[in-house]
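The file entry.cif comes next; it holds mmCIF, C-alpha atoms and all ligand atoms.
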data_run
loop_
_atom_site.group_PDB
_atom_site.id
_atom_site.type_symbol
_atom_site.label_atom_id
_atom_site.label_comp_id
_atom_site.auth_asym_id
_atom_site.auth_seq_id
_atom_site.Cartn_x
_atom_site.Cartn_y
_atom_site.Cartn_z
ATOM 1 C CA MET B 272 -23.339 -14.583 -9.399
ATOM 2 C CA VAL B 273 -21.152 -12.791 -6.872
ATOM 3 C CA SER B 274 -19.936 -9.287 -7.824
ATOM 4 C CA LEU B 275 -16.459 -8.295 -6.651
ATOM 5 C CA THR B 276 -16.194 -4.967 -8.508
ATOM 6 C CA THR B 277 -15.337 -2.051 -6.291
ATOM 7 C CA CYS B 278 -14.654 1.652 -6.729
ATOM 8 C CA ILE B 279 -12.018 3.859 -5.154
ATOM 9 C CA ASN B 280 -13.771 7.143 -5.801
ATOM 10 C CA ASN B 281 -13.817 7.113 -9.619
ATOM 11 C CA LEU B 282 -11.212 4.379 -10.111
ATOM 12 C CA GLU B 283 -13.121 1.213 -10.964
ATOM 13 C CA LEU B 284 -11.535 -2.098 -10.035
ATOM 14 C CA LYS B 285 -12.685 -5.507 -11.304
ATOM 15 C CA ASN B 286 -12.101 -6.888 -7.802
ATOM 16 C CA PRO B 287 -10.679 -5.534 -4.497
ATOM 17 C CA PHE B 288 -7.209 -7.140 -4.787
ATOM 18 C CA ILE B 289 -4.206 -4.861 -5.382
ATOM 19 C CA LEU B 290 -0.471 -5.629 -5.302
ATOM 20 C CA ALA B 291 1.062 -3.555 -2.467
ATOM 21 C CA SER B 292 4.088 -1.359 -3.104
ATOM 22 C CA GLY B 293 7.524 -2.868 -2.507
ATOM 23 C CA ILE B 294 7.127 -6.436 -3.677
ATOM 24 C CA MET B 295 7.558 -7.678 -7.254
ATOM 25 C CA ASP B 296 6.994 -4.192 -8.588
ATOM 26 C CA GLU B 297 10.393 -2.890 -9.636
ATOM 27 C CA ASP B 298 10.085 -3.854 -13.276
ATOM 28 C CA ALA B 299 7.381 -4.193 -15.891
ATOM 29 C CA GLY B 300 7.782 -7.963 -16.265
ATOM 30 C CA SER B 301 6.793 -8.841 -12.704
ATOM 31 C CA MET B 302 3.922 -6.315 -12.615
ATOM 32 C CA LYS B 303 2.567 -7.681 -15.901
ATOM 33 C CA ARG B 304 2.761 -11.161 -14.441
ATOM 34 C CA ILE B 305 0.782 -10.079 -11.344
ATOM 35 C CA LEU B 306 -1.864 -8.419 -13.527
ATOM 36 C CA GLN B 307 -2.289 -11.707 -15.374
ATOM 37 C CA GLU B 308 -3.246 -13.255 -12.026
ATOM 38 C CA ASP B 309 -6.459 -12.090 -10.374
ATOM 39 C CA ALA B 310 -5.068 -8.739 -9.170
ATOM 40 C CA ALA B 311 -7.150 -5.748 -10.268
ATOM 41 C CA ALA B 312 -4.253 -3.308 -9.892
ATOM 42 C CA VAL B 313 -0.567 -3.069 -9.022
ATOM 43 C CA VAL B 314 1.213 -0.384 -7.024
ATOM 44 C CA THR B 315 4.749 0.328 -8.256
ATOM 45 C CA LYS B 316 7.832 0.399 -6.040
ATOM 46 C CA SER B 317 8.088 3.862 -4.474
ATOM 47 C CA ILE B 318 9.937 6.102 -6.932
ATOM 48 C CA GLY B 319 11.810 9.288 -6.070
ATOM 49 C CA LEU B 320 13.499 12.032 -8.088
ATOM 50 C CA HIS B 321 16.914 10.410 -8.228
ATOM 51 C CA GLU B 322 18.383 6.914 -8.334
ATOM 52 C CA ARG B 323 19.108 5.429 -4.876
ATOM 53 C CA ASN B 324 20.864 2.215 -3.937
ATOM 54 C CA GLY B 325 19.013 1.898 -0.635
ATOM 55 C CA HIS B 326 20.458 0.652 2.648
ATOM 56 C CA SER B 327 23.333 -1.847 2.903
ATOM 57 C CA ASN B 328 22.649 -5.542 3.429
ATOM 58 C CA PRO B 329 21.138 -7.195 5.381
ATOM 59 C CA THR B 330 17.943 -5.400 4.375
ATOM 60 C CA PHE B 331 15.420 -8.211 4.879
ATOM 61 C CA LEU B 332 14.748 -11.094 7.250
ATOM 62 C CA GLU B 333 11.962 -13.497 7.973
ATOM 63 C CA LEU B 334 10.855 -13.624 11.611
ATOM 64 C CA GLU B 335 8.586 -16.119 13.338
ATOM 65 C CA HIS B 336 5.354 -14.228 12.685
ATOM 66 C CA GLY B 337 6.221 -11.709 9.988
ATOM 67 C CA LEU B 338 8.860 -10.092 7.801
ATOM 68 C CA LEU B 339 11.280 -7.317 8.704
ATOM 69 C CA ASN B 340 12.792 -5.041 6.060
ATOM 70 C CA ALA B 341 14.734 -1.839 5.676
ATOM 71 C CA MET B 342 15.361 -1.586 1.953
ATOM 72 C CA GLY B 343 15.913 2.174 2.136
ATOM 73 C CA LEU B 344 13.878 3.226 -0.899
ATOM 74 C CA PRO B 345 16.118 1.735 -3.618
ATOM 75 C CA ASN B 346 14.808 2.891 -6.993
ATOM 76 C CA PRO B 347 16.061 3.917 -10.441
ATOM 77 C CA GLY B 348 14.766 7.509 -10.217
ATOM 78 C CA ILE B 349 11.672 8.869 -11.936
ATOM 79 C CA ASP B 350 13.283 9.622 -15.307
ATOM 80 C CA SER B 351 14.367 6.003 -15.803
ATOM 81 C CA TYR B 352 11.077 4.539 -14.611
ATOM 82 C CA GLY B 353 8.848 5.787 -17.471
ATOM 83 C CA SER B 354 10.066 3.068 -19.823
ATOM 84 C CA GLU B 355 9.041 0.361 -17.288
ATOM 85 C CA ILE B 356 5.526 1.765 -16.891
ATOM 86 C CA LYS B 357 5.091 2.063 -20.638
ATOM 87 C CA LYS B 358 6.016 -1.630 -21.066
ATOM 88 C CA ILE B 359 3.116 -2.774 -18.879
ATOM 89 C CA ASN B 360 0.076 -3.581 -20.912
ATOM 90 C CA ASN B 361 -2.614 -2.474 -18.521
ATOM 91 C CA ASP B 362 -5.563 -3.961 -20.394
ATOM 92 C CA ASN B 363 -5.654 -6.487 -17.553
ATOM 93 C CA GLY B 364 -5.802 -3.989 -14.705
ATOM 94 C CA LYS B 365 -4.811 -0.639 -13.304
ATOM 95 C CA ILE B 366 -1.366 0.787 -12.458
ATOM 96 C CA ILE B 367 -0.930 2.914 -9.347
ATOM 97 C CA GLY B 368 2.334 4.882 -9.291
ATOM 98 C CA SER B 369 3.908 5.154 -5.833
ATOM 99 C CA ILE B 370 6.097 8.204 -5.229
ATOM 100 C CA PHE B 371 8.169 9.561 -2.353
ATOM 101 C CA GLY B 372 9.685 12.997 -1.940
ATOM 102 C CA SER B 373 11.156 15.173 0.775
ATOM 103 C CA ASN B 374 9.059 18.275 0.109
ATOM 104 C CA VAL B 375 6.071 19.695 -1.788
ATOM 105 C CA GLU B 376 8.088 20.564 -4.904
ATOM 106 C CA GLU B 377 9.478 17.040 -5.264
ATOM 107 C CA PHE B 378 6.014 15.523 -4.946
ATOM 108 C CA GLU B 379 4.696 17.931 -7.618
ATOM 109 C CA ILE B 380 7.419 16.994 -10.123
ATOM 110 C CA LEU B 381 7.080 13.264 -9.420
ATOM 111 C CA SER B 382 3.296 13.271 -9.693
ATOM 112 C CA GLU B 383 3.295 15.100 -13.033
ATOM 113 C CA LYS B 384 5.891 12.705 -14.459
ATOM 114 C CA MET B 385 4.023 9.625 -13.207
ATOM 115 C CA GLN B 386 0.780 10.931 -14.700
ATOM 116 C CA ASN B 387 2.533 11.526 -18.045
ATOM 117 C CA TYR B 388 3.780 7.917 -18.004
ATOM 118 C CA GLY B 389 0.127 6.852 -18.019
ATOM 119 C CA VAL B 390 -0.544 5.499 -14.512
ATOM 120 C CA ASN B 391 -4.207 5.351 -13.466
ATOM 121 C CA ALA B 392 -3.693 6.729 -9.944
ATOM 122 C CA LEU B 393 -0.953 7.893 -7.583
ATOM 123 C CA GLU B 394 -0.028 6.608 -4.145
ATOM 124 C CA LEU B 395 1.863 9.157 -2.057
ATOM 125 C CA ASN B 396 4.251 7.347 0.267
ATOM 126 C CA LEU B 397 4.092 9.417 3.444
ATOM 127 C CA SER B 398 4.917 6.489 5.662
ATOM 128 C CA CYS B 399 8.202 4.660 4.982
ATOM 129 C CA PRO B 400 9.452 4.158 8.560
ATOM 130 C CA HIS B 401 13.214 4.132 7.982
ATOM 131 C CA ALA B 402 14.450 6.600 5.327
ATOM 132 C CA LYS B 403 15.880 9.861 6.563
ATOM 133 C CA GLY B 404 14.032 12.924 5.268
ATOM 134 C CA TYR B 405 11.277 10.908 3.576
ATOM 135 C CA GLY B 406 8.131 8.947 4.322
ATOM 136 C CA LEU B 407 7.157 8.950 7.954
ATOM 137 C CA GLU B 408 9.482 11.847 8.780
ATOM 138 C CA ILE B 409 7.127 14.132 6.865
ATOM 139 C CA GLY B 410 4.053 11.907 7.072
ATOM 140 C CA GLN B 411 3.441 12.477 10.775
ATOM 141 C CA ASP B 412 2.724 16.192 10.424
ATOM 142 C CA PRO B 413 -0.889 16.889 9.395
ATOM 143 C CA GLU B 414 -0.008 20.308 7.957
ATOM 144 C CA GLU B 415 2.739 18.855 5.810
ATOM 145 C CA ILE B 416 0.412 16.089 4.558
ATOM 146 C CA ASN B 417 -2.268 18.648 3.761
ATOM 147 C CA LYS B 418 0.184 20.855 1.829
ATOM 148 C CA ILE B 419 1.620 17.970 -0.195
ATOM 149 C CA VAL B 420 -1.780 16.505 -1.096
ATOM 150 C CA ARG B 421 -3.167 19.931 -2.022
ATOM 151 C CA ALA B 422 -0.186 20.639 -4.296
ATOM 152 C CA VAL B 423 -0.342 17.229 -5.985
ATOM 153 C CA LYS B 424 -4.093 17.608 -6.472
ATOM 154 C CA GLN B 425 -3.454 20.834 -8.380
ATOM 155 C CA SER B 426 -0.717 19.221 -10.485
ATOM 156 C CA VAL B 427 -2.557 16.130 -11.759
ATOM 157 C CA SER B 428 -6.060 14.957 -12.687
ATOM 158 C CA ILE B 429 -5.735 11.259 -11.740
ATOM 159 C CA PRO B 430 -6.907 9.989 -8.311
ATOM 160 C CA ILE B 431 -4.512 10.449 -5.391
ATOM 161 C CA PHE B 432 -4.165 7.871 -2.627
ATOM 162 C CA VAL B 433 -2.248 8.656 0.555
ATOM 163 C CA LYS B 434 -0.448 5.809 2.344
ATOM 164 C CA LEU B 435 -0.200 6.379 6.074
ATOM 165 C CA SER B 436 1.872 4.899 8.863
ATOM 166 C CA PRO B 437 0.614 3.185 12.017
ATOM 167 C CA ASN B 438 3.711 4.502 13.871
ATOM 168 C CA VAL B 439 1.904 7.659 14.990
ATOM 169 C CA ASN B 440 -0.254 8.802 17.899
ATOM 170 C CA ASP B 441 -3.349 9.617 15.900
ATOM 171 C CA ILE B 442 -3.643 8.230 12.370
ATOM 172 C CA CYS B 443 -7.185 9.660 12.075
ATOM 173 C CA MET B 444 -5.877 13.207 12.340
ATOM 174 C CA LEU B 445 -3.497 12.477 9.453
ATOM 175 C CA ALA B 446 -6.250 10.837 7.386
ATOM 176 C CA LYS B 447 -8.433 13.921 7.906
ATOM 177 C CA ALA B 448 -5.578 16.212 6.834
ATOM 178 C CA ALA B 449 -5.185 14.162 3.640
ATOM 179 C CA GLU B 450 -8.946 14.218 2.998
ATOM 180 C CA GLN B 451 -9.079 17.978 3.482
ATOM 181 C CA GLY B 452 -6.150 18.346 1.075
ATOM 182 C CA GLY B 453 -8.214 16.572 -1.600
ATOM 183 C CA ALA B 454 -7.033 12.950 -1.331
ATOM 184 C CA ASP B 455 -9.272 10.432 -3.112
ATOM 185 C CA ALA B 456 -8.454 7.555 -0.739
ATOM 186 C CA ILE B 457 -6.371 6.563 2.259
ATOM 187 C CA VAL B 458 -4.129 3.502 2.186
ATOM 188 C CA ALA B 459 -3.574 2.011 5.656
ATOM 189 C CA ILE B 460 -1.215 0.712 6.911
ATOM 190 C CA ASN B 461 2.477 0.835 6.039
ATOM 191 C CA THR B 462 4.873 -1.367 8.019
ATOM 192 C CA VAL B 463 5.287 -1.218 11.798
ATOM 193 C CA LYS B 464 8.677 0.004 13.097
ATOM 194 C CA ALA B 465 10.559 -2.968 14.544
ATOM 195 C CA MET B 466 13.944 -4.513 15.278
ATOM 196 C CA LYS B 467 15.614 -7.928 15.599
ATOM 197 C CA ILE B 468 18.780 -8.440 17.649
ATOM 198 C CA ASP B 469 21.092 -11.389 17.091
ATOM 199 C CA ILE B 470 21.845 -12.547 20.637
ATOM 200 C CA GLU B 471 25.102 -14.237 19.553
ATOM 201 C CA THR B 472 26.659 -11.128 18.016
ATOM 202 C CA LYS B 473 24.655 -8.878 20.378
ATOM 203 C CA ARG B 474 23.833 -6.543 17.471
ATOM 204 C CA PRO B 475 20.719 -5.621 15.494
ATOM 205 C CA ILE B 476 20.643 -7.785 12.360
ATOM 206 C CA LEU B 477 19.490 -5.199 9.822
ATOM 207 C CA ALA B 478 22.313 -2.935 8.637
ATOM 208 C CA ASN B 479 19.926 -0.032 9.226
ATOM 209 C CA LYS B 480 19.161 -1.517 12.691
ATOM 210 C CA ILE B 481 15.481 -0.500 12.533
ATOM 211 C CA GLY B 482 13.092 -1.704 9.868
ATOM 212 C CA GLY B 483 9.428 -2.137 9.027
ATOM 213 C CA TYR B 484 7.513 -5.236 10.146
ATOM 214 C CA SER B 485 4.911 -6.732 7.806
ATOM 215 C CA GLY B 486 3.060 -9.997 7.333
ATOM 216 C CA LYS B 487 0.594 -11.989 9.418
ATOM 217 C CA ALA B 488 1.499 -10.422 12.779
ATOM 218 C CA ILE B 489 0.397 -6.916 11.768
ATOM 219 C CA LYS B 490 -3.108 -7.749 10.550
ATOM 220 C CA PRO B 491 -4.873 -6.805 13.815
ATOM 221 C CA ILE B 492 -3.005 -3.474 13.765
ATOM 222 C CA GLY B 493 -4.151 -2.846 10.204
ATOM 223 C CA ILE B 494 -7.743 -3.770 11.046
ATOM 224 C CA ARG B 495 -7.811 -1.409 14.045
ATOM 225 C CA ASN B 496 -6.408 1.468 11.988
ATOM 226 C CA VAL B 497 -8.849 0.954 9.102
ATOM 227 C CA TYR B 498 -11.754 0.708 11.581
ATOM 228 C CA GLU B 499 -10.827 3.996 13.265
ATOM 229 C CA ILE B 500 -10.102 5.841 10.006
ATOM 230 C CA PHE B 501 -13.493 4.728 8.616
ATOM 231 C CA GLU B 502 -15.211 6.588 11.452
ATOM 232 C CA ALA B 503 -13.099 9.727 10.890
ATOM 233 C CA ILE B 504 -13.373 10.349 7.119
ATOM 234 C CA LYS B 505 -15.720 9.948 4.128
ATOM 235 C CA ILE B 506 -13.281 9.011 1.340
ATOM 236 C CA PRO B 507 -12.601 5.305 0.637
ATOM 237 C CA ILE B 508 -9.916 3.309 2.452
ATOM 238 C CA ILE B 509 -7.611 0.672 0.990
ATOM 239 C CA GLY B 510 -6.665 -1.813 3.723
ATOM 240 C CA VAL B 511 -3.215 -3.403 3.828
ATOM 241 C CA GLY B 512 -1.264 -5.475 6.335
ATOM 242 C CA GLY B 513 -1.037 -9.214 6.911
ATOM 243 C CA ILE B 514 -3.540 -10.542 4.380
ATOM 244 C CA THR B 515 -2.952 -14.182 3.476
ATOM 245 C CA LYS B 516 -6.472 -15.613 3.097
ATOM 246 C CA GLY B 517 -10.005 -14.732 2.027
ATOM 247 C CA GLU B 518 -11.238 -14.266 5.610
ATOM 248 C CA ASP B 519 -8.591 -11.557 6.121
ATOM 249 C CA VAL B 520 -9.981 -9.668 3.120
ATOM 250 C CA ILE B 521 -13.544 -9.947 4.445
ATOM 251 C CA GLU B 522 -12.335 -8.662 7.836
ATOM 252 C CA TYR B 523 -10.655 -5.576 6.301
ATOM 253 C CA ILE B 524 -13.775 -4.842 4.242
ATOM 254 C CA MET B 525 -16.010 -5.172 7.297
ATOM 255 C CA ALA B 526 -13.673 -2.750 9.123
ATOM 256 C CA GLY B 527 -14.267 -0.218 6.333
ATOM 257 C CA ALA B 528 -11.907 -0.955 3.445
ATOM 258 C CA SER B 529 -13.224 -0.682 -0.133
ATOM 259 C CA ALA B 530 -10.232 -2.628 -1.469
ATOM 260 C CA VAL B 531 -7.116 -4.322 -0.084
ATOM 261 C CA GLN B 532 -3.436 -4.571 -0.922
ATOM 262 C CA VAL B 533 -1.351 -7.716 -0.623
ATOM 263 C CA GLY B 534 2.445 -7.643 -0.170
ATOM 264 C CA SER B 535 3.986 -10.126 2.268
ATOM 265 C CA GLY B 536 1.240 -12.620 1.401
ATOM 266 C CA ILE B 537 3.125 -13.221 -1.852
ATOM 267 C CA TYR B 538 6.182 -14.252 0.174
ATOM 268 C CA TYR B 539 4.115 -16.890 1.988
ATOM 269 C CA ASN B 540 1.816 -18.099 -0.825
ATOM 270 C CA GLY B 541 3.392 -17.064 -4.160
ATOM 271 C CA ILE B 542 1.653 -14.922 -6.764
ATOM 272 C CA GLN B 543 -1.211 -17.378 -6.984
ATOM 273 C CA ILE B 544 -2.399 -15.734 -3.747
ATOM 274 C CA PHE B 545 -4.574 -13.377 -5.816
ATOM 275 C CA THR B 546 -6.497 -16.273 -7.358
ATOM 276 C CA GLN B 547 -6.711 -17.995 -3.953
ATOM 277 C CA LEU B 548 -8.114 -14.851 -2.312
ATOM 278 C CA LYS B 549 -10.663 -14.424 -5.086
ATOM 279 C CA GLU B 550 -11.887 -18.006 -4.773
ATOM 280 C CA GLN B 551 -11.990 -17.852 -0.946
ATOM 281 C CA VAL B 552 -13.863 -14.518 -0.893
ATOM 282 C CA ILE B 553 -16.424 -15.766 -3.437
ATOM 283 C CA LYS B 554 -16.894 -18.941 -1.387
ATOM 284 C CA TRP B 555 -17.418 -16.994 1.853
ATOM 285 C CA MET B 556 -19.859 -14.588 0.192
ATOM 286 C CA THR B 557 -21.835 -17.427 -1.392
ATOM 287 C CA GLN B 558 -22.064 -19.302 1.907
ATOM 288 C CA ASN B 559 -23.157 -16.127 3.700
ATOM 289 C CA ASN B 560 -25.642 -14.969 1.044
ATOM 290 C CA TYR B 561 -23.836 -11.835 -0.122
ATOM 291 C CA GLN B 562 -24.065 -11.021 -3.849
ATOM 292 C CA ASN B 563 -22.074 -7.799 -3.887
ATOM 293 C CA ILE B 564 -18.830 -7.094 -2.047
ATOM 294 C CA LYS B 565 -19.832 -3.430 -1.643
ATOM 295 C CA GLU B 566 -22.601 -4.536 0.764
ATOM 296 C CA LEU B 567 -19.871 -5.616 3.206
ATOM 297 C CA ILE B 568 -17.915 -2.352 3.401
ATOM 298 C CA GLY B 569 -17.912 -1.118 6.999
ATOM 299 C CA VAL B 570 -20.581 -3.525 8.274
ATOM 300 C CA ALA B 571 -18.637 -3.996 11.536
ATOM 301 C CA HIS B 572 -19.657 -0.426 12.450
ATOM 302 C CA LYS B 573 -23.414 -1.002 12.334
HETATM 303 C C1 LIG B 601 10.558 1.117 1.880
HETATM 304 C C2 LIG B 601 9.846 0.718 2.976
HETATM 305 C C3 LIG B 601 8.556 1.155 3.164
HETATM 306 O O1 LIG B 601 7.798 0.776 4.229
HETATM 307 C C4 LIG B 601 7.995 2.017 2.260
HETATM 308 O O2 LIG B 601 6.769 2.487 2.450
HETATM 309 C C5 LIG B 601 8.709 2.398 1.155
HETATM 310 C C6 LIG B 601 10.001 1.952 0.964
HETATM 311 C C7 LIG B 601 11.960 0.707 1.679
HETATM 312 O O3 LIG B 601 12.644 0.373 2.632
HETATM 313 O O4 LIG B 601 12.436 0.760 0.518
#

How would this structure read if it were set down as structure tokens?
Ligand code: DHB
Amino acid sequence: MVSLTTCINNLELKNPFILASGIMDEDAGSMKRILQEDAAAVVTKSIGLHERNGHSNPTFLELEHGLLNAMGLPNPGIDSYGSEIKKINNDNGKIIGSIFGSNVEEFEILSEKMQNYGVNALELNLSCPHAKGYGLEIGQDPEEINKIVRAVKQSVSIPIFVKLSPNVNDICMLAKAAEQGGADAIVAINTVKAMKIDIETKRPILANKIGGYSGKAIKPIGIRNVYEIFEAIKIPIIGVGGITKGEDVIEYIMAGASAVQVGSGIYYNGIQIFTQLKEQVIKWMTQNNYQNIKELIGVAHK
């Protein structure tokens, strides 16, 4: 029997597969549906203090090797989101509440409210690449990361994950700042800043011009970031970026991830991707004589 259970510090997961923030996670119905598949946890859409409509359309396009989006953090605001969280029956898995704020105080308020709604962990979005005043704009300063994580740690008792951006010079420095602030895990990576120009109209296609690139093309970037972060810190890493098949999961785990998130993979394969990944990972482990997924974490470093 192959064991897929994994632990992100003290958050136990029945397997390493987590729904990434930003896809099928705006309402309770779709998150419940994902938890009925073989996902061990779901991350909510990033929620801020107030309702936002996000950027104008077009906000999303499919490119040859990946997906480009600039949604602009659309969300109903934290006070309206409690009812959605409470509707999810989480007997099937864990709920990770994603929050974004523009300063320490906003993160404190959001984290306390999310905890009161009953989420099992928090993901601090310090990495959205295209929203003024949020995400990456504050998530590239190690001191700011440290201050936010420290404050949230004092406000709540649930585990805190910090999602970082690859659009920086030194992601390891940021991961260390989060670890020193008391983070329980690092989530790497968010989308890669990118653009598509329509050569007929001679204009960028996204209304916001610049967006975040995800999907198959960014997997090697994610793997490199997870590999380097693993050597820099001691807390667990959740790998994300370009996973569509079991071998991709194995690769992230060998690079140092204790679990993985899947977002764009749902666009390519549908929500059955979680069951597919589970079957493919079990098959690979059986063929390669591994009984426990934990034995594979970071083996590429040995
Ligand atoms: C959005 C994009 C991100 O990459 C992210 O981390 C959060 C939000 C967005 O455009 O809504």

Kindly list the centre and edge lengths in Å, rounded to one decimal, for the axis-aligned box that covers all listed atoms of ligand LIG 601 (chain B) plus 6 Å on each of its six sides, as JSON.
{"center_x": 9.7, "center_y": 1.4, "center_z": 2.4, "size_x": 17.9, "size_y": 14.1, "size_z": 15.7}

(request) Write out as a ChimeraX atom specification the residues lying within 10 Å of Leu435 (chain B), counting all atoms listed in the file and excluding same-chain residues fewer than 5 positions away. (result) /B:395-399,406-407,410-411,416,442-443,445-446,449,457-462,496

(request) Tell me, in Å to one decimal, how far CA of Asp309 (chain B) is from CA of Gly536 (chain B). (result) 14.1 Å

Excluding Met466 (chain B) and residues on its chain fewer than 6 positions from it, collect all residues at most 12 Å away from it, counting all atoms listed in the file, and give them as a PDB file with C-alpha atoms, in the coordinates of the input.
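Resulting contents of result_38.pdb:
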ATOM      1  CA  THR B 330      17.943  -5.400   4.375  1.00  0.00           C
ATOM      2  CA  PHE B 331      15.420  -8.211   4.879  1.00  0.00           C
ATOM      3  CA  LEU B 332      14.748 -11.094   7.250  1.00  0.00           C
ATOM      4  CA  GLU B 333      11.962 -13.497   7.973  1.00  0.00           C
ATOM      5  CA  LEU B 334      10.855 -13.624  11.611  1.00  0.00           C
ATOM      6  CA  GLY B 337       6.221 -11.709   9.988  1.00  0.00           C
ATOM      7  CA  LEU B 338       8.860 -10.092   7.801  1.00  0.00           C
ATOM      8  CA  LEU B 339      11.280  -7.317   8.704  1.00  0.00           C
ATOM      9  CA  ASN B 340      12.792  -5.041   6.060  1.00  0.00           C
ATOM     10  CA  ALA B 341      14.734  -1.839   5.676  1.00  0.00           C
ATOM     11  CA  PRO B 400       9.452   4.158   8.560  1.00  0.00           C
ATOM     12  CA  HIS B 401      13.214   4.132   7.982  1.00  0.00           C
ATOM     13  CA  ARG B 474      23.833  -6.543  17.471  1.00  0.00           C
ATOM     14  CA  PRO B 475      20.719  -5.621  15.494  1.00  0.00           C
ATOM     15  CA  ILE B 476      20.643  -7.785  12.360  1.00  0.00           C
ATOM     16  CA  LEU B 477      19.490  -5.199   9.822  1.00  0.00           C
ATOM     17  CA  ALA B 478      22.313  -2.935   8.637  1.00  0.00           C
ATOM     18  CA  ASN B 479      19.926  -0.032   9.226  1.00  0.00           C
ATOM     19  CA  LYS B 480      19.161  -1.517  12.691  1.00  0.00           C
ATOM     20  CA  ILE B 481      15.481  -0.500  12.533  1.00  0.00           C
ATOM     21  CA  GLY B 482      13.092  -1.704   9.868  1.00  0.00           C
ATOM     22  CA  GLY B 483       9.428  -2.137   9.027  1.00  0.00           C
ATOM     23  CA  TYR B 484       7.513  -5.236  10.146  1.00  0.00           C
ATOM     24  CA  SER B 485       4.911  -6.732   7.806  1.00  0.00           C
TER      25      SER B 485
END

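Of the listed residues B:His326, B:Lys516, B:Lys418, B:Lys565, the one whose atoms come nearest to ligand LIG 601 (chain B) is B:His326, with distances taken using only C-alpha atoms and all ligand atoms.
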
(request) Evaluate the PyMOL selection byres (((chain B and resi 305) around 12) and not hetatm) here and jot the selected residues down as a PyMOL selection string. (result) chain B and resi 288-291+294-296+298-304+306-315+359-361+363-366+533-534+537+541-546

(request) Report the distance between CA of Ile409 (chain B) and CA of Asn440 (chain B) in Å, rounded to one decimal place. (result) 14.3 Å

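Residue nearest ligand LIG 601 (chain B), chosen from B:Asn280, B:Asn346, B:Ser529, B:Asn563 and counting only C-alpha atoms and all ligand atoms: B:Asn346.
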
(message) Taking 3 positions as the minimum chain separation for residues in the same chain, which residues sit within 12 Å of Tyr561 (chain B) when counting all atoms listed in the file? Answer as a list in words.
(response) Met272, Val273, Ser274, Leu275, Ile521, Val552, Ile553, Lys554, Trp555, Met556, Thr557, Gln558, Ile564, Lys565, Glu566, Leu567 and Ile568 of chain B

(message) Going by the chain IDs and residue numbers used in this file, which residues fall under the PyMOL selection byres (((chain B and resi 490) around 10) and not hetatm)? Write them as a ChimeraX atom specification.
(response) /B:460,485-489,491-496,510-515,519,522-523

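The residue set within 10 Å of Ser382 (chain B), counting all atoms listed in the file and dropping same-chain residues fewer than 6 places from it, reads Ile349, Gly368, Ser369, Ile370, Phe371, Glu376, Tyr388, Val390, Ala392, Leu393, Glu394, Leu395, Ala422, Val423, Lys424, Ser426, Val427, Ser428, Ile429 and Ile431 of chain B.
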
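Distance annotation: of B:Ser351, B:Ser327, B:Gln562, B:Thr276, the residue with the minimal separation from ligand LIG 601 (chain B) is B:Ser327; atom set is all atoms listed in the file.
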
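Between CA of His321 (chain B) and CA of Tyr538 (chain B) the interatomic distance comes to 28.2 Å.
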
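If only C-alpha atoms are the atoms counted, then among B:Ile509, B:Ile367, B:Leu344, B:Val520 the closest residue to Glu550 (chain B) is B:Val520.
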
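With the shown file loaded, the PyMOL selection byres (((chain B and resi 320) around 8) and not hetatm) picks out Ile318, Gly319, His321, Glu322, Gly348, Ile349, Asp350, Gly372, Glu377 and Leu381 of chain B.
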
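Candidate residues B:Asp441, B:Glu297, B:Glu283, B:Glu471 were compared for distance to Ala530 (chain B), and the nearest is B:Glu283, using all atoms listed in the file.
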